[in-house]
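Student: Sending over run_2.txt (compact mmCIF, C-alpha atoms and all ligand atoms).
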```
# COMPACT_ATOMS: atom_id res chain seq x y z
CA MET Y 1 125.26 -90.52 37.33
CA ALA Y 2 127.31 -87.48 38.22
CA ARG Y 3 128.77 -87.16 41.70
CA VAL Y 4 127.18 -84.31 43.65
CA TYR Y 5 129.17 -82.40 46.27
CA ASP Y 6 128.03 -82.45 49.91
CA MET Y 7 126.96 -78.88 50.58
CA ALA Y 8 124.19 -77.03 48.75
CA TYR Y 9 122.49 -73.66 49.03
CA MET Y 10 118.75 -73.82 49.61
CA ARG Y 11 116.41 -70.84 50.05
CA ASP Y 12 118.61 -68.66 52.28
CA ARG Y 13 121.51 -70.75 53.57
CA LEU Y 14 124.00 -73.55 53.06
CA VAL Y 15 122.72 -76.98 54.04
CA PRO Y 16 123.84 -80.59 53.63
CA LEU Y 17 122.61 -81.84 50.24
CA SER Y 18 120.08 -84.16 51.88
CA GLU Y 19 118.33 -81.12 53.37
CA ALA Y 20 118.08 -79.18 50.10
CA ASN Y 21 114.47 -80.18 49.47
CA LEU Y 22 111.20 -78.82 48.12
CA SER Y 23 107.66 -79.66 49.14
CA VAL Y 24 105.58 -82.02 47.01
CA THR Y 25 102.93 -79.27 47.10
CA SER Y 26 105.18 -76.66 45.39
CA SER Y 27 104.52 -75.49 41.84
CA ALA Y 28 108.11 -76.51 41.09
CA VAL Y 29 107.20 -80.14 41.77
CA LEU Y 30 103.60 -80.01 40.53
CA TYR Y 31 104.23 -78.20 37.22
CA GLY Y 32 108.00 -78.14 36.69
CA LEU Y 33 107.78 -74.43 37.44
CA SER Y 34 111.45 -73.63 38.01
CA VAL Y 35 114.01 -71.88 35.84
CA TYR Y 36 117.67 -72.78 35.94
CA THR Y 37 121.13 -72.47 34.56
CA VAL Y 38 124.32 -74.52 34.79
CA PHE Y 39 127.69 -72.77 34.80
CA PRO Y 40 131.18 -74.28 34.92
CA VAL Y 41 133.67 -73.46 37.65
CA GLU Y 42 137.26 -74.40 37.07
CA PRO Y 43 140.63 -74.05 38.84
CA THR Y 44 142.71 -71.44 36.99
CA PRO Y 45 146.13 -69.93 37.78
CA GLN Y 46 144.20 -67.06 39.40
CA GLY Y 47 141.92 -69.32 41.49
CA LEU Y 48 138.53 -70.97 41.02
CA ALA Y 49 136.65 -69.15 38.26
CA ALA Y 50 133.15 -69.26 36.77
CA PHE Y 51 132.67 -68.80 33.03
CA ARG Y 52 130.37 -65.96 31.86
CA LEU Y 53 128.57 -65.77 35.19
CA HIS Y 54 126.80 -62.53 34.36
CA ASP Y 55 125.35 -64.09 31.19
CA HIS Y 56 124.05 -67.03 33.23
CA TRP Y 57 122.43 -64.60 35.66
CA ASP Y 58 120.88 -62.63 32.79
CA ARG Y 59 119.44 -65.80 31.26
CA LEU Y 60 117.96 -66.85 34.60
CA VAL Y 61 116.28 -63.44 34.92
CA ASN Y 62 115.08 -63.58 31.30
CA SER Y 63 113.73 -67.12 31.69
CA SER Y 64 111.74 -66.09 34.76
CA LYS Y 65 110.48 -63.01 32.90
CA ILE Y 66 109.23 -65.12 29.98
CA ILE Y 67 107.48 -67.59 32.29
CA GLY Y 68 106.07 -64.83 34.50
CA ILE Y 69 107.91 -65.78 37.70
CA ASP Y 70 107.95 -62.15 38.77
CA THR Y 71 109.05 -62.32 42.40
CA PHE Y 72 112.56 -63.53 41.54
CA ALA Y 73 113.98 -60.36 39.99
CA THR Y 74 112.58 -58.24 42.84
CA THR Y 75 114.17 -60.35 45.58
CA TRP Y 76 117.56 -61.16 44.03
CA THR Y 77 120.49 -59.19 42.62
CA TYR Y 78 123.51 -60.24 40.60
CA GLU Y 79 125.73 -59.37 43.59
CA LYS Y 80 123.77 -61.74 45.84
CA PHE Y 81 123.91 -64.45 43.15
CA VAL Y 82 127.72 -64.16 42.98
CA ALA Y 83 128.00 -64.18 46.77
CA VAL Y 84 125.95 -67.39 46.98
CA ALA Y 85 128.03 -69.00 44.21
CA GLN Y 86 131.15 -68.07 46.20
CA GLU Y 87 129.67 -69.53 49.38
CA VAL Y 88 128.67 -72.83 47.79
CA ILE Y 89 132.04 -73.23 46.08
CA ALA Y 90 133.94 -72.38 49.27
CA ALA Y 91 131.87 -74.94 51.21
CA ASN Y 92 132.77 -77.72 48.77
CA THR Y 93 136.35 -76.72 47.82
CA PRO Y 94 136.47 -78.51 44.45
CA THR Y 95 139.93 -79.24 43.06
CA GLU Y 96 138.61 -80.18 39.61
CA ARG Y 97 136.33 -78.58 37.05
CA VAL Y 98 132.72 -78.70 38.32
CA PHE Y 99 129.28 -77.56 37.28
CA VAL Y 100 127.03 -75.43 39.46
CA ARG Y 101 123.31 -75.75 38.89
CA ALA Y 102 121.39 -72.67 40.05
CA THR Y 103 117.61 -73.00 40.05
CA VAL Y 104 114.79 -70.63 40.95
CA HIS Y 105 111.88 -72.76 42.14
CA VAL Y 106 108.32 -71.55 42.58
CA ASP Y 107 107.73 -73.02 46.03
CA ALA Y 108 104.23 -71.66 46.78
CA SER Y 109 101.93 -74.47 47.94
CA VAL Y 110 99.04 -75.72 45.76
CA ALA Y 111 98.95 -72.37 43.96
CA GLY Y 112 97.24 -73.60 40.78
CA THR Y 113 98.44 -73.13 37.22
CA ARG Y 114 99.72 -69.58 37.47
CA SER Y 115 103.08 -67.92 37.95
CA ARG Y 116 102.77 -64.34 39.24
CA GLY Y 117 103.12 -63.16 42.81
CA LEU Y 118 104.26 -66.57 44.09
CA SER Y 119 107.17 -67.19 46.46
CA THR Y 120 110.41 -68.57 45.04
CA ALA Y 121 113.41 -70.38 46.47
CA MET Y 122 116.90 -70.44 44.97
CA SER Y 123 118.95 -73.62 45.10
CA MET Y 124 122.56 -74.13 44.05
CA PHE Y 125 124.47 -77.36 44.07
CA VAL Y 126 127.83 -78.46 42.72
CA TYR Y 127 128.47 -81.61 40.72
CA GLU Y 128 131.12 -83.39 38.75
CA ALA Y 129 131.60 -81.93 35.26
CA SER Y 130 131.11 -85.07 33.21
CA PRO Y 131 130.19 -84.42 29.55
CA ILE Y 132 126.73 -85.42 28.30
CA VAL Y 133 128.05 -86.64 24.93
CA PRO Y 134 131.29 -88.43 23.92
CA GLN Y 135 134.06 -85.92 23.29
CA ASP Y 136 135.78 -87.85 20.51
CA GLY Y 137 132.82 -87.91 18.10
CA CYS Y 138 129.14 -88.25 18.92
CA ARG Y 139 126.37 -89.95 16.96
CA LEU Y 140 123.01 -88.19 16.63
CA LYS Y 141 119.56 -89.40 15.68
CA THR Y 142 116.94 -87.03 14.35
CA SER Y 143 114.07 -87.15 16.78
CA VAL Y 144 110.44 -87.94 16.04
CA TRP Y 145 109.72 -85.46 18.87
CA ARG Y 146 109.67 -81.84 17.69
CA ARG Y 147 111.21 -78.95 19.64
CA THR Y 148 108.56 -77.07 21.58
CA ALA Y 149 107.70 -73.95 19.62
CA ASP Y 150 107.92 -70.39 20.94
CA ASP Y 151 104.12 -70.29 21.16
CA ALA Y 152 103.92 -73.61 23.06
CA ILE Y 153 106.75 -73.76 25.62
CA PRO Y 154 109.42 -71.26 24.54
CA SER Y 155 112.81 -72.95 24.11
CA ARG Y 156 114.42 -69.58 24.83
CA ALA Y 157 113.36 -69.96 28.47
CA LYS Y 158 115.35 -72.51 30.44
CA VAL Y 159 112.40 -73.85 32.39
CA ASN Y 160 112.59 -77.24 34.12
CA GLY Y 161 109.22 -78.55 32.89
CA ALA Y 162 110.23 -77.99 29.26
CA TYR Y 163 113.00 -80.55 29.64
CA VAL Y 164 110.46 -83.36 29.30
CA ASN Y 165 110.77 -82.55 25.58
CA SER Y 166 114.54 -83.13 25.77
CA VAL Y 167 114.10 -86.30 27.83
CA LEU Y 168 111.68 -87.82 25.31
CA ALA Y 169 114.03 -87.12 22.44
CA LYS Y 170 117.26 -88.11 24.20
CA GLN Y 171 115.83 -91.37 25.56
CA ASP Y 172 114.54 -92.27 22.10
CA ALA Y 173 118.03 -91.66 20.68
CA LEU Y 174 119.65 -93.74 23.45
CA ASP Y 175 117.12 -96.54 22.91
CA SER Y 176 118.20 -96.60 19.27
CA GLY Y 177 121.88 -96.81 20.17
CA TYR Y 178 122.79 -93.18 19.47
CA ASP Y 179 124.50 -90.71 21.83
CA ASP Y 180 121.99 -87.87 21.58
CA CYS Y 181 119.06 -86.57 19.61
CA LEU Y 182 118.77 -83.87 16.98
CA LEU Y 183 115.57 -81.90 17.49
CA LEU Y 184 113.82 -80.23 14.58
CA ASP Y 185 111.27 -77.43 14.72
CA ASP Y 186 107.66 -77.56 13.49
CA GLU Y 187 108.84 -76.89 9.93
CA GLY Y 188 111.51 -79.57 9.98
CA HIS Y 189 114.49 -77.25 10.41
CA VAL Y 190 117.40 -78.08 12.68
CA CYS Y 191 117.16 -76.72 16.26
CA GLU Y 192 119.60 -78.33 18.68
CA LEU Y 193 120.44 -81.43 20.73
CA SER Y 194 118.76 -82.38 24.02
CA ALA Y 195 120.92 -79.90 25.95
CA ALA Y 196 123.41 -78.36 23.51
CA ASN Y 197 123.41 -76.12 20.46
CA ILE Y 198 124.70 -77.28 17.09
CA PHE Y 199 127.08 -75.83 14.52
CA ILE Y 200 127.99 -77.12 11.09
CA VAL Y 201 130.90 -76.17 8.83
CA ARG Y 202 130.35 -76.03 5.08
CA ASN Y 203 133.01 -74.76 2.68
CA GLY Y 204 134.86 -73.00 5.49
CA THR Y 205 131.79 -71.21 6.88
CA LEU Y 206 130.44 -71.82 10.36
CA ILE Y 207 126.65 -72.10 10.33
CA THR Y 208 124.24 -72.38 13.25
CA PRO Y 209 120.44 -72.09 13.53
CA GLY Y 210 119.35 -68.53 14.38
CA THR Y 211 117.81 -67.49 17.68
CA SER Y 212 114.29 -67.66 16.20
CA SER Y 213 114.74 -71.38 15.36
CA ASP Y 214 113.29 -72.50 18.73
CA ILE Y 215 116.67 -72.97 20.38
CA LEU Y 216 117.96 -72.14 23.80
CA GLU Y 217 120.21 -69.12 23.40
CA GLY Y 218 123.32 -70.94 24.56
CA ILE Y 219 126.11 -69.02 26.23
CA ASN Y 220 128.72 -71.24 24.59
CA ARG Y 221 127.00 -70.74 21.23
CA ARG Y 222 127.35 -66.98 21.67
CA THR Y 223 130.98 -67.44 22.74
CA VAL Y 224 131.75 -69.51 19.63
CA LEU Y 225 130.19 -66.84 17.39
CA GLY Y 226 132.32 -64.20 19.13
CA LEU Y 227 135.45 -66.31 18.71
CA ALA Y 228 134.67 -66.86 15.03
CA ALA Y 229 134.54 -63.08 14.50
CA GLU Y 230 137.83 -62.64 16.33
CA MET Y 231 139.52 -65.54 14.51
CA ASN Y 232 138.30 -64.36 11.07
CA ILE Y 233 136.14 -67.44 10.55
CA PRO Y 234 133.07 -66.59 8.44
CA ALA Y 235 129.96 -67.39 10.49
CA VAL Y 236 126.23 -67.12 9.85
CA GLU Y 237 123.13 -67.65 11.96
CA ARG Y 238 120.32 -68.90 9.75
CA THR Y 239 117.76 -71.63 9.19
CA VAL Y 240 119.51 -74.97 8.70
CA ASP Y 241 118.06 -77.91 6.77
CA LEU Y 242 118.62 -81.44 8.05
CA THR Y 243 120.24 -82.46 4.78
CA GLU Y 244 122.80 -79.66 5.15
CA LEU Y 245 123.94 -81.44 8.27
CA TYR Y 246 124.25 -84.68 6.29
CA LEU Y 247 126.51 -82.89 3.79
CA ALA Y 248 128.50 -80.81 6.29
CA ASP Y 249 132.29 -80.99 6.30
CA GLU Y 250 132.19 -80.77 10.10
CA ALA Y 251 129.56 -80.50 12.80
CA PHE Y 252 129.81 -80.02 16.54
CA ALA Y 253 127.62 -79.79 19.60
CA CYS Y 254 128.29 -76.93 21.96
CA GLY Y 255 127.15 -76.16 25.47
CA THR Y 256 128.23 -76.12 29.09
CA SER Y 257 127.72 -79.86 29.57
CA ALA Y 258 128.61 -80.92 26.02
CA PHE Y 259 131.72 -78.67 25.81
CA ILE Y 260 132.55 -78.60 22.08
CA ALA Y 261 131.95 -82.15 20.92
CA PRO Y 262 132.55 -83.22 17.32
CA VAL Y 263 129.56 -84.91 15.65
CA LYS Y 264 130.72 -87.88 13.60
CA GLU Y 265 127.42 -89.36 12.49
CA VAL Y 266 123.81 -88.26 11.96
CA ASP Y 267 121.08 -90.77 11.11
CA ALA Y 268 123.59 -93.41 9.96
CA ARG Y 269 125.37 -90.89 7.68
CA MET Y 270 128.99 -90.05 8.36
CA VAL Y 271 129.64 -86.32 8.87
CA GLY Y 272 132.69 -85.25 6.83
CA ASN Y 273 135.21 -88.06 7.05
CA GLY Y 274 133.92 -89.13 10.48
CA THR Y 275 136.83 -87.67 12.45
CA PRO Y 276 136.94 -84.41 14.48
CA GLY Y 277 137.26 -81.49 12.04
CA ALA Y 278 140.06 -78.91 12.10
CA MET Y 279 137.76 -75.94 12.76
CA THR Y 280 135.93 -77.82 15.50
CA MET Y 281 139.20 -78.57 17.24
CA ARG Y 282 140.52 -75.00 16.90
CA LEU Y 283 137.38 -73.64 18.52
CA ARG Y 284 137.39 -76.33 21.18
CA GLU Y 285 140.97 -75.58 22.18
CA ARG Y 286 140.32 -71.85 22.29
CA LEU Y 287 137.20 -72.24 24.46
CA ALA Y 288 139.07 -74.58 26.82
CA ALA Y 289 141.99 -72.12 27.08
CA ILE Y 290 139.59 -69.31 27.99
CA GLN Y 291 138.01 -71.42 30.69
CA HIS Y 292 141.41 -72.59 32.02
CA GLY Y 293 142.37 -68.91 32.47
CA ASP Y 294 145.07 -69.15 29.76
CA ASP Y 295 143.62 -66.86 27.07
CA SER Y 296 143.52 -63.12 26.41
CA LEU Y 297 139.72 -63.27 26.82
CA SER Y 298 139.88 -65.06 30.18
CA ALA Y 299 140.03 -61.87 32.22
CA THR Y 300 136.78 -60.54 30.75
CA LEU Y 301 134.84 -63.81 30.60
CA LEU Y 302 135.78 -65.36 33.95
CA THR Y 303 134.61 -64.37 37.43
CA LEU Y 304 136.89 -65.38 40.29
CA LEU Y 305 134.90 -67.03 43.08
N1 LIG F 401 120.29 -75.99 24.38
C1 LIG F 401 119.72 -76.58 25.44
C2 LIG F 401 118.36 -77.16 25.30
C3 LIG F 401 120.40 -76.67 26.66
O1 LIG F 401 119.83 -77.25 27.73
C4 LIG F 401 121.72 -76.14 26.75
C5 LIG F 401 122.48 -76.25 28.04
N2 LIG F 401 122.22 -75.18 28.90
C6 LIG F 401 122.26 -75.52 25.62
C7 LIG F 401 121.53 -75.47 24.45
C8 LIG F 401 123.61 -74.87 25.68
O2 LIG F 401 123.58 -73.71 26.47
P1 LIG F 401 124.85 -73.18 27.24
O3 LIG F 401 125.92 -72.98 26.22
O4 LIG F 401 124.40 -71.90 27.84
O5 LIG F 401 125.22 -74.20 28.24
```
Represent the structure of the file as structure tokens.
Tutor:
Amino acid sequence: MARVYDMAYMRDRLVPLSEANLSVTSSAVLYGLSVYTVFPVEPTPQGLAAFRLHDHWDRLVNSSKIIGIDTFATTWTYEKFVAVAQEVIAANTPTERVFVRATVHVDASVAGTRSRGLSTAMSMFVYEASPIVPQDGCRLKTSVWRRTADDAIPSRAKVNGAYVNSVLAKQDALDSGYDDCLLLDDEGHVCELSAANIFIVRNGTLITPGTSSDILEGINRRTVLGLAAEMNIPAVERTVDLTELYLADEAFACGTSAFIAPVKEVDARMVGNGTPGAMTMRLRERLAAIQHGDDSLSATLLTLL
């Protein structure tokens, strides 16, 4: 389990982690009614910096809009969000790369199954940035559990309760000796892993399921697509069949907690020659350089905290 730093932000102030609690009567606890995001913060030559912080904020706002948690956007601003991130990082003074989990909880008491007009509480805590899948080649198992559809629990919204779907699929994959699951949609098309998007490479083209394939719109996914355009790598967003993944030259998982992780096996079939692919590694190095503050894009994509 990841190491969590001592100080957290809860509701309106910094508190010791043990005091960053919610009531058992809150909708957050009763129904999983919280939206969240996880962003990386890393030491760079310019100081501690968060990656694509504004995009994380936007996704938090959009997730709450989809779910109907309407008091959040009226009580918070991006400026306040950045100030709190700064406060929580300053209180913990990390000297390594860390993750910050920012969550908007509906904390109204016994409010019933509804979302509007209810009080919310923001929490932020800092934890060790350990990857959720092996970085030298991960093994995936197609899940018997399907990704929740847009008209069931929208995958586009990063809502805590929806992660039961990811837990079911990931645990099943772990029970079978794999590193992570591959979730398919209702029609059997490829969606994503438990908490990362997926890309494949076929004949020099980067391919990833489109945003209407019941995926979370990952910030790293969007970054990779932007990098592909800049690096003259042909890239398409479209429906992906499972068997295309079996035949891919390369495949990789991508997300804040997965980084860019080569996929070496899917359902007992070797992907490519089973070693990290050249395009995967080029993109991985570029993304890492951006986050380390060593790239021409660092200035625009990093926020100094
Ligand atoms: N899909 C799911 C289900 C996730 O939980 C995550 C992690 N947030 C991702 C994809 C990747 O998103 P991001 O690149 O924004 O971390």
Student: List the spatial neighbours of Ile198 of chain Y as a list in words - criterion: any atom at most 7 Å away, all atoms listed in the file, same-chain residues fewer than 2 positions off excluded.
Tutor: Glu192, Leu193, Ala196, Ile200, Thr208, Phe252, Ala253 and Cys254 of chain Y
Student: From the set Y:Leu287, Y:Val82, Y:Val164, Y:Ile69, which residue has the shortest atom-to-atom contact distance to Gly117 of chain Y, counting all atoms listed in the file?
Tutor: Y:Ile69
Student: Which residues sit within 7 Å of ligand LIG 401 (chain F), counting only C-alpha atoms and all ligand atoms, listed as number ranges by chain?
Tutor: Y: 37-38, 192-197, 215-221, 254-257
Student: Restricting the calculation to all atoms listed in the file, which member of Y:Ile132, Y:Val4, Y:Ala162, Y:Ala152 is positioned closest to Leu17 of chain Y?
Tutor: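 When distances to Leu17 of chain Y are compared using all atoms listed in the file, the smallest one comes from Y:Val4.
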Student: Name the closest residue to Gln135 of chain Y among the candidates Y:Asp179, Y:Glu87, Y:Cys191, Y:Arg101; distances are taken between atoms, counting all atoms listed in the file.
Tutor: Y:Asp179
Student: Using only C-alpha atoms, which of the listed residues (Y:Tyr5, Y:Gly137, Y:Ser34, Y:Gly161) sits closest to Thr95 of chain Y?
Tutor: Y:Tyr5
Student: Which residues come within 12 Å of Thr74 of chain Y, counting only C-alpha atoms, excluding same-chain residues fewer than 3 positions away, as a count of residues only?
Tutor: 12
Student: Nearest to Glu244 of chain Y among Y:Lys170, Y:Arg3, Y:Arg202, Y:Lys264, with distances taken over all atoms listed in the file: which residue is it?
Tutor: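 Among Y:Lys170, Y:Arg3, Y:Arg202, Y:Lys264, it is Y:Arg202 that comes nearest to Glu244 of chain Y.
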Student: From the coordinates supplied, segment 163-175 of chain Y should be written with all heavy atoms, as a short mmCIF file (atom, residue, chain, number, x, y, z; two decimals), in the first residue's frame.
Tutor:
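Listing of selection12.cif after writing:
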```cif
data_model
loop_
_atom_site.label_atom_id
_atom_site.label_comp_id
_atom_site.auth_asym_id
_atom_site.auth_seq_id
_atom_site.Cartn_x
_atom_site.Cartn_y
_atom_site.Cartn_z
N TYR Y 163 -15.99 3.23 -9.25
CA TYR Y 163 -14.76 2.44 -9.21
C TYR Y 163 -14.97 1.02 -8.70
O TYR Y 163 -14.07 0.19 -8.77
CB TYR Y 163 -13.64 3.20 -8.48
CG TYR Y 163 -12.97 4.12 -9.48
CD1 TYR Y 163 -13.57 5.32 -9.86
CD2 TYR Y 163 -11.82 3.74 -10.14
CE1 TYR Y 163 -13.01 6.12 -10.83
CE2 TYR Y 163 -11.25 4.54 -11.12
CZ TYR Y 163 -11.85 5.73 -11.46
OH TYR Y 163 -11.29 6.50 -12.44
N VAL Y 164 -16.18 0.71 -8.23
CA VAL Y 164 -16.49 -0.68 -7.91
C VAL Y 164 -16.36 -1.53 -9.19
O VAL Y 164 -15.90 -2.67 -9.15
CB VAL Y 164 -17.91 -0.79 -7.31
CG1 VAL Y 164 -18.31 -2.25 -7.15
CG2 VAL Y 164 -17.96 -0.10 -5.95
N ASN Y 165 -16.70 -0.95 -10.31
CA ASN Y 165 -16.56 -1.63 -11.60
C ASN Y 165 -15.08 -1.97 -11.86
O ASN Y 165 -14.73 -3.11 -12.23
CB ASN Y 165 -17.13 -0.72 -12.70
CG ASN Y 165 -17.13 -1.34 -14.09
OD1 ASN Y 165 -16.65 -0.72 -15.04
ND2 ASN Y 165 -17.67 -2.53 -14.25
N SER Y 166 -14.21 -1.01 -11.60
CA SER Y 166 -12.77 -1.24 -11.77
C SER Y 166 -12.25 -2.26 -10.77
O SER Y 166 -11.41 -3.10 -11.11
CB SER Y 166 -11.99 0.07 -11.58
OG SER Y 166 -12.21 0.94 -12.66
N VAL Y 167 -12.74 -2.19 -9.54
CA VAL Y 167 -12.28 -3.12 -8.50
C VAL Y 167 -12.65 -4.56 -8.87
O VAL Y 167 -11.82 -5.47 -8.76
CB VAL Y 167 -12.86 -2.74 -7.11
CG1 VAL Y 167 -12.59 -3.82 -6.08
CG2 VAL Y 167 -12.31 -1.40 -6.64
N LEU Y 168 -13.89 -4.75 -9.30
CA LEU Y 168 -14.32 -6.10 -9.70
C LEU Y 168 -13.39 -6.67 -10.78
O LEU Y 168 -12.94 -7.81 -10.70
CB LEU Y 168 -15.76 -6.05 -10.26
CG LEU Y 168 -16.89 -5.98 -9.24
CD1 LEU Y 168 -18.20 -5.65 -9.96
CD2 LEU Y 168 -17.01 -7.30 -8.50
N ALA Y 169 -13.13 -5.84 -11.78
CA ALA Y 169 -12.35 -6.32 -12.92
C ALA Y 169 -10.88 -6.50 -12.56
O ALA Y 169 -10.25 -7.49 -12.96
CB ALA Y 169 -12.50 -5.33 -14.08
N LYS Y 170 -10.33 -5.57 -11.79
CA LYS Y 170 -8.91 -5.67 -11.43
C LYS Y 170 -8.68 -6.88 -10.51
O LYS Y 170 -7.74 -7.64 -10.70
CB LYS Y 170 -8.46 -4.39 -10.72
CG LYS Y 170 -7.08 -4.45 -10.11
CD LYS Y 170 -6.04 -3.73 -10.90
CE LYS Y 170 -4.66 -3.88 -10.29
NZ LYS Y 170 -3.65 -3.06 -10.92
N GLN Y 171 -9.56 -7.05 -9.52
CA GLN Y 171 -9.37 -8.16 -8.59
C GLN Y 171 -9.46 -9.50 -9.32
O GLN Y 171 -8.70 -10.43 -9.05
CB GLN Y 171 -10.40 -8.10 -7.45
CG GLN Y 171 -10.12 -9.11 -6.34
CD GLN Y 171 -8.74 -8.92 -5.71
OE1 GLN Y 171 -8.41 -7.85 -5.23
NE2 GLN Y 171 -7.92 -9.97 -5.72
N ASP Y 172 -10.39 -9.57 -10.28
CA ASP Y 172 -10.53 -10.80 -11.06
C ASP Y 172 -9.23 -11.08 -11.83
O ASP Y 172 -8.76 -12.22 -11.89
CB ASP Y 172 -11.72 -10.64 -12.02
CG ASP Y 172 -11.93 -11.88 -12.86
OD1 ASP Y 172 -11.92 -12.98 -12.29
OD2 ASP Y 172 -12.08 -11.74 -14.09
N ALA Y 173 -8.64 -10.01 -12.40
CA ALA Y 173 -7.38 -10.18 -13.14
C ALA Y 173 -6.26 -10.61 -12.19
O ALA Y 173 -5.49 -11.53 -12.50
CB ALA Y 173 -7.01 -8.87 -13.85
N LEU Y 174 -6.19 -9.98 -11.02
CA LEU Y 174 -5.16 -10.35 -10.03
C LEU Y 174 -5.35 -11.80 -9.57
O LEU Y 174 -4.38 -12.55 -9.47
CB LEU Y 174 -5.20 -9.41 -8.82
CG LEU Y 174 -4.84 -7.94 -9.07
CD1 LEU Y 174 -5.06 -7.11 -7.80
CD2 LEU Y 174 -3.39 -7.80 -9.55
N ASP Y 175 -6.60 -12.18 -9.33
CA ASP Y 175 -6.89 -13.56 -8.90
C ASP Y 175 -6.41 -14.57 -9.93
O ASP Y 175 -6.09 -15.71 -9.61
CB ASP Y 175 -8.40 -13.76 -8.67
CG ASP Y 175 -8.91 -13.01 -7.44
OD1 ASP Y 175 -8.09 -12.57 -6.62
OD2 ASP Y 175 -10.14 -12.83 -7.33
#
```
